[in-house]
Structure formats: structure tokens, C-alpha cells
Amino acid sequence: MKTPMLEGVLFFPVTPFTDAGEVDLAALHQHVAAGADAGPGGVFVACGTGEFHALDVEEFTAVVRTAVDAVAGRVPVYAGAGGALGLARRFARAAVEAGADGLLLMPPYLVDSPAAGLVAYVRAVAEETSLPVIVYNRGNARFDEHTASAVAQLPTVTGFKDGTGDLDLVARIIPAVRESLSASGKEFQFFNGMPTAEASQPAYRALGVKLYSSAAFAFAPDISLAFHRAVEEDDTQRVDALQRAFFHPLVRLRQRVPGYAVALVKAGVTLEGSKAGPVRPPLTSLGAAEIEELAAIIAEGRAVLAS
């Protein structure tokens, strides 16, 4: 299978909700279209930032279809899938129906599993469609170099995204996977999937991981793109300045309350003039003082761009 390789900043849009808690498809279309206009390398809809965990299959299908329509073929659109095996298969099929170009496979719910079971889970979902699959290493889906190599050899698995932050393990997974695929010549990509991934991207890049999730792109694409350029050009002065002024304060705010990795992105989208609405339970939205703090962080980031 020949799959186009991703490059550039990866955009993870939010899923806007109305005050009544319904999916706001018109706001989603506007949000995704504006993001696509800014120039990401790919759009990952209904994933972690898009509150995949809170969507039913019908909502998910409508969200993915809306995003595909808004992107209009400019870049690949990947959709989330995961959870209970039966649901994960349904989400995979729904992504095909909605026109997605690939899947980001999230962890199964609740249960821990042995290595063989985790590989079997990935295989079962990956076999449901012909879409390329990026496997997400986080939560209770923890891969080592052996299981990562095993899933990398599945025909439709084309990427491995790390959300654990265990750089020692990632440093062992990357060469193990590459060696396992050397005979086939299969193209395969690695991703930094940490929350506020820019904060850790210099460390991941040192391991050869150039791709990363950018939640910040959803509300501050100018800052996100400027940081990406600085990293790619080895402009350490600009990287350090953006880290200190924007990304590190963003991390500190994000870590204050569980679930703020999503909630602060929605607040940022709203601050920038687009409808995002509240998060769905069990997540909680930012308070007024925290929204003011976020606005100040965004302003500080843009001050660096202007300097």
C-alpha cells in the first residue's frame, strides 16, 4: 500500500458544541476550513482534542464528513477510532463512509492487556478497512519495541504516535521498528503525541521524530507555524523564546486541572472569535480567570513573533 507521507504541522481541531450540548456542525466547518487555510500538513478530526471519547457513532460520522468537506482535499484528513473493539470497528467503518483518508487508533477502554492482546486489538481494527492507521501509544495502550514492531508490520499500519513521554522507550522503539521493516522497504512515520507537543518537540526531534500534534494550531496557527519553522531551521533563539513566552505557560495552565488539554484549546478557539462551546462531561471548562490567563499567554506568544 502506497500512503502519502505526512509533513508539516498537524492540526487537531476541536469539536464545537452548542450551549445545549449538541454538535455544532456549522461552527465545526468554519473552524476546520479556517485551519486548513492556514496551511497544516494534515487534519486529525474527532481525536483527543476533538473529544472522540464523548461522541457517539452518528455524531462522529457527521463530524468527520463535515471536516472532509471543509478541507476539500487540500490535505489528508485522519479520524479517531478506538474504545471497545466492536465500537472501534464501527468508528473505522464510519470514517470510511465519511470520506476520511486515515485513522488514528486510540486505546481500548479501561482494561489492561497483555502484549499479544494489544497487537490483536490493533490487527482487528486495522483489518476492518483499507485506510492507513497510525497507532497511538498512550493510556492503557502501551507498546514496547517488540509489540510496536509487530503492529508496524501489519499491512495498513503506517505510523506510531507516542503520548507517553518515555523517551528512553521511544529511543528503543524507533530502531526496532525500522529494522523490522527494512526488508520490506515499507514507509513508516513516527509522531510526538504529547499534550502541548511543542514543549517536548526538541527532545523528540533529537530522536528523529519530526512530526507532532499541534493543539495550539487550533487557536493560534501563526504561533504554531512560527515555532515549527524555528525548529526546522534550528533557530534555537526563537524556539527558546516561544517556549518561555507561550508553550511553557500553556503547559502550566494545562496541568492545573485534568482535561484542560482539551478545555483550554476550546477556550482559545473562542477567544480567537470562533464558536467552540463547552466541553462535554466528564471534562470541565476553564473559569473566567483562567480564560484571562490564556488570553495573556496568547498575547505574549504573539509579542515574540512581532519582536
# chains A, B, ... in the order shown; residues from 1 in each chain; ligands from 1
>>> closest_atom_pairs(of="segment 102-160 of chain A", to="segment 87-91 of chain A", cutoff="8 Å", atoms="only C-alpha atoms", output="CSV")
residue,atom,partner,partner_atom,distance
A:Ala124,CA,A:Arg89,CA,7.8
A:Val125,CA,A:Arg89,CA,5.4
A:Glu128,CA,A:Arg89,CA,6.2
>>> closest_atom_pairs(of="segment 131-240 of chain A", to="segment 278-300 of chain A", cutoff="10 Å", atoms="only C-alpha atoms", output="Markdown table")
| residue | atom | partner | partner_atom | distance |
| --- | --- | --- | --- | --- |
| A:Ala216 | CA | A:Ile298 | CA | 9.8 |
| A:Phe219 | CA | A:Ile298 | CA | 9.2 |
| A:Ala220 | CA | A:Ile298 | CA | 7.5 |
| A:Ile223 | CA | A:Ile298 | CA | 8.6 |
>>> write_last_selection(atoms="C-alpha atoms", output="compact mmCIF listing (two decimals), in the first residue's frame")
# COMPACT_ATOMS: atom_id res chain seq x y z
CA ALA A 216 -2.10 25.21 19.64
CA PHE A 219 -6.42 28.66 18.09
CA ALA A 220 -3.02 30.21 17.31
CA ILE A 223 2.40 30.85 16.68
>>> residues_around(residues="Val269 of chain A", least_positions_apart="3", cutoff="9 Å", atoms="only C-alpha atoms", output="PyMOL selection string")
chain A and resi 14+31+218-220+264-266+272-276
>>> write_last_selection(atoms="all heavy atoms", output="mmCIF file, in the first residue's frame")
data_model
loop_
_atom_site.group_PDB
_atom_site.id
_atom_site.type_symbol
_atom_site.label_atom_id
_atom_site.label_comp_id
_atom_site.auth_asym_id
_atom_site.auth_seq_id
_atom_site.Cartn_x
_atom_site.Cartn_y
_atom_site.Cartn_z
ATOM 1 N N VAL A 14 -10.958 21.154 17.418
ATOM 2 C CA VAL A 14 -11.929 20.814 18.457
ATOM 3 C C VAL A 14 -13.235 20.408 17.794
ATOM 4 O O VAL A 14 -13.433 20.611 16.595
ATOM 5 C CB VAL A 14 -12.171 22.008 19.403
ATOM 6 C CG1 VAL A 14 -10.883 22.441 20.072
ATOM 7 C CG2 VAL A 14 -12.829 23.180 18.670
ATOM 8 N N HIS A 31 -14.415 26.329 11.585
ATOM 9 C CA HIS A 31 -13.170 26.105 12.330
ATOM 10 C C HIS A 31 -12.168 25.300 11.500
ATOM 11 O O HIS A 31 -10.991 25.669 11.387
ATOM 12 C CB HIS A 31 -13.522 25.368 13.622
ATOM 13 C CG HIS A 31 -12.369 24.897 14.440
ATOM 14 N ND1 HIS A 31 -11.316 25.716 14.815
ATOM 15 C CD2 HIS A 31 -12.103 23.673 14.983
ATOM 16 C CE1 HIS A 31 -10.467 25.020 15.545
ATOM 17 N NE2 HIS A 31 -10.907 23.778 15.657
ATOM 18 N N ALA A 218 -4.965 25.004 16.621
ATOM 19 C CA ALA A 218 -6.416 25.181 16.566
ATOM 20 C C ALA A 218 -6.834 26.603 16.897
ATOM 21 O O ALA A 218 -7.887 27.070 16.430
ATOM 22 C CB ALA A 218 -7.107 24.199 17.517
ATOM 23 N N PHE A 219 -6.026 27.302 17.719
ATOM 24 C CA PHE A 219 -6.417 28.663 18.092
ATOM 25 C C PHE A 219 -5.344 29.708 17.830
ATOM 26 O O PHE A 219 -5.638 30.909 17.840
ATOM 27 C CB PHE A 219 -6.837 28.722 19.572
ATOM 28 C CG PHE A 219 -5.764 28.372 20.557
ATOM 29 C CD1 PHE A 219 -4.938 29.331 21.094
ATOM 30 C CD2 PHE A 219 -5.579 27.052 20.960
ATOM 31 C CE1 PHE A 219 -3.944 29.000 22.003
ATOM 32 C CE2 PHE A 219 -4.599 26.709 21.877
ATOM 33 C CZ PHE A 219 -3.775 27.685 22.398
ATOM 34 N N ALA A 220 -4.106 29.269 17.592
ATOM 35 C CA ALA A 220 -3.023 30.210 17.305
ATOM 36 C C ALA A 220 -2.132 29.638 16.215
ATOM 37 O O ALA A 220 -0.954 29.335 16.451
ATOM 38 C CB ALA A 220 -2.219 30.504 18.572
ATOM 39 N N LEU A 264 -8.707 24.062 27.395
ATOM 40 C CA LEU A 264 -8.038 25.331 27.101
ATOM 41 C C LEU A 264 -7.963 25.578 25.600
ATOM 42 O O LEU A 264 -7.946 26.731 25.152
ATOM 43 C CB LEU A 264 -6.667 25.402 27.764
ATOM 44 C CG LEU A 264 -5.499 24.541 27.312
ATOM 45 C CD1 LEU A 264 -4.812 25.093 26.061
ATOM 46 C CD2 LEU A 264 -4.476 24.456 28.430
ATOM 47 N N VAL A 265 -7.920 24.507 24.800
ATOM 48 C CA VAL A 265 -7.940 24.681 23.348
ATOM 49 C C VAL A 265 -9.290 25.248 22.917
ATOM 50 O O VAL A 265 -9.361 26.178 22.103
ATOM 51 C CB VAL A 265 -7.629 23.363 22.618
ATOM 52 C CG1 VAL A 265 -7.681 23.562 21.109
ATOM 53 C CG2 VAL A 265 -6.274 22.825 23.026
ATOM 54 N N LYS A 266 -10.365 24.713 23.481
ATOM 55 C CA LYS A 266 -11.684 25.258 23.163
ATOM 56 C C LYS A 266 -11.801 26.720 23.593
ATOM 57 O O LYS A 266 -12.370 27.548 22.871
ATOM 58 C CB LYS A 266 -12.777 24.420 23.837
ATOM 59 C CG LYS A 266 -13.120 23.159 23.074
ATOM 60 C CD LYS A 266 -14.484 22.629 23.445
ATOM 61 C CE LYS A 266 -15.064 21.834 22.293
ATOM 62 N NZ LYS A 266 -16.363 21.229 22.628
ATOM 63 N N GLU A 272 -10.371 33.508 19.997
ATOM 64 C CA GLU A 272 -9.965 33.950 18.665
ATOM 65 C C GLU A 272 -11.151 34.244 17.749
ATOM 66 O O GLU A 272 -10.969 34.555 16.579
ATOM 67 C CB GLU A 272 -9.051 32.906 18.031
ATOM 68 C CG GLU A 272 -7.702 32.781 18.724
ATOM 69 C CD GLU A 272 -6.871 34.046 18.613
ATOM 70 O OE1 GLU A 272 -6.524 34.424 17.484
ATOM 71 O OE2 GLU A 272 -6.594 34.668 19.661
ATOM 72 N N GLY A 273 -12.364 34.144 18.299
ATOM 73 C CA GLY A 273 -13.533 34.585 17.555
ATOM 74 C C GLY A 273 -14.357 33.515 16.879
ATOM 75 O O GLY A 273 -15.285 33.832 16.122
ATOM 76 N N SER A 274 -14.064 32.253 17.131
ATOM 77 C CA SER A 274 -14.857 31.163 16.562
ATOM 78 C C SER A 274 -15.663 30.484 17.654
ATOM 79 O O SER A 274 -15.262 30.475 18.819
ATOM 80 C CB SER A 274 -13.953 30.136 15.873
ATOM 81 O OG SER A 274 -13.272 30.714 14.782
ATOM 82 N N LYS A 275 -16.783 29.892 17.278
ATOM 83 C CA LYS A 275 -17.608 29.182 18.242
ATOM 84 C C LYS A 275 -16.998 27.815 18.542
ATOM 85 O O LYS A 275 -16.692 27.065 17.636
ATOM 86 C CB LYS A 275 -19.025 28.993 17.701
ATOM 87 C CG LYS A 275 -19.810 30.279 17.519
ATOM 88 C CD LYS A 275 -21.197 29.975 16.971
ATOM 89 C CE LYS A 275 -22.005 31.238 16.773
ATOM 90 N NZ LYS A 275 -23.353 30.927 16.205
ATOM 91 N N ALA A 276 -16.831 27.522 19.814
ATOM 92 C CA ALA A 276 -16.350 26.202 20.216
ATOM 93 C C ALA A 276 -17.271 25.582 21.246
ATOM 94 O O ALA A 276 -17.386 24.363 21.323
ATOM 95 C CB ALA A 276 -14.931 26.288 20.762
#
>>> select_by_dssp(residues="segment 80-164 of chain A", states="strand (DSSP E or B)", output="ChimeraX atom specification")
/A:80-81,102-105,133-138,141,157-162
>>> atom_distance(atom1="atom CA of Asp162 of chain A", atom2="atom CA of Val135 of chain A")
8.5 Å
>>> residues_around(residues="Val209 of chain A", least_positions_apart="3", cutoff="8 Å", atoms="only C-alpha atoms", output="list of chain:residue names")
A:Phe190, A:Phe191, A:Asn192, A:Tyr204, A:Arg205, A:Ala206, A:Tyr212
>>> write_last_selection(atoms="C-alpha atoms", output="short mmCIF file (atom, residue, chain, number, x, y, z; two decimals), in the first residue's frame")
data_model
loop_
_atom_site.label_atom_id
_atom_site.label_comp_id
_atom_site.auth_asym_id
_atom_site.auth_seq_id
_atom_site.Cartn_x
_atom_site.Cartn_y
_atom_site.Cartn_z
CA PHE A 190 6.78 8.46 13.98
CA PHE A 191 4.87 11.20 15.79
CA ASN A 192 5.17 13.12 19.04
CA TYR A 204 11.68 14.13 20.16
CA ARG A 205 13.33 15.68 17.12
CA ALA A 206 16.71 14.66 18.50
CA TYR A 212 3.89 16.21 16.15
#
>>> residues_around(residues="Met106 of chain A", least_positions_apart="2", cutoff="10 Å", atoms="only C-alpha atoms", output="list in words")
Cys47, Gly48, Phe52, His53, Gly80, Ala81, Gly82, Gly83, Ala88, Leu103, Leu104, Pro108, Tyr109, Val122, Ile134, Val135, Tyr136, Asn137, Arg138, Gly139, Asn140, Ala141 and Lys161 of chain A
>>> atom_distance(atom1="atom CA of Ser214 of chain A", atom2="atom CA of Tyr121 of chain A")
27.0 Å
>>> atom_distance(atom1="atom CA of Gln201 of chain A", atom2="atom CA of Arg252 of chain A")
16.6 Å
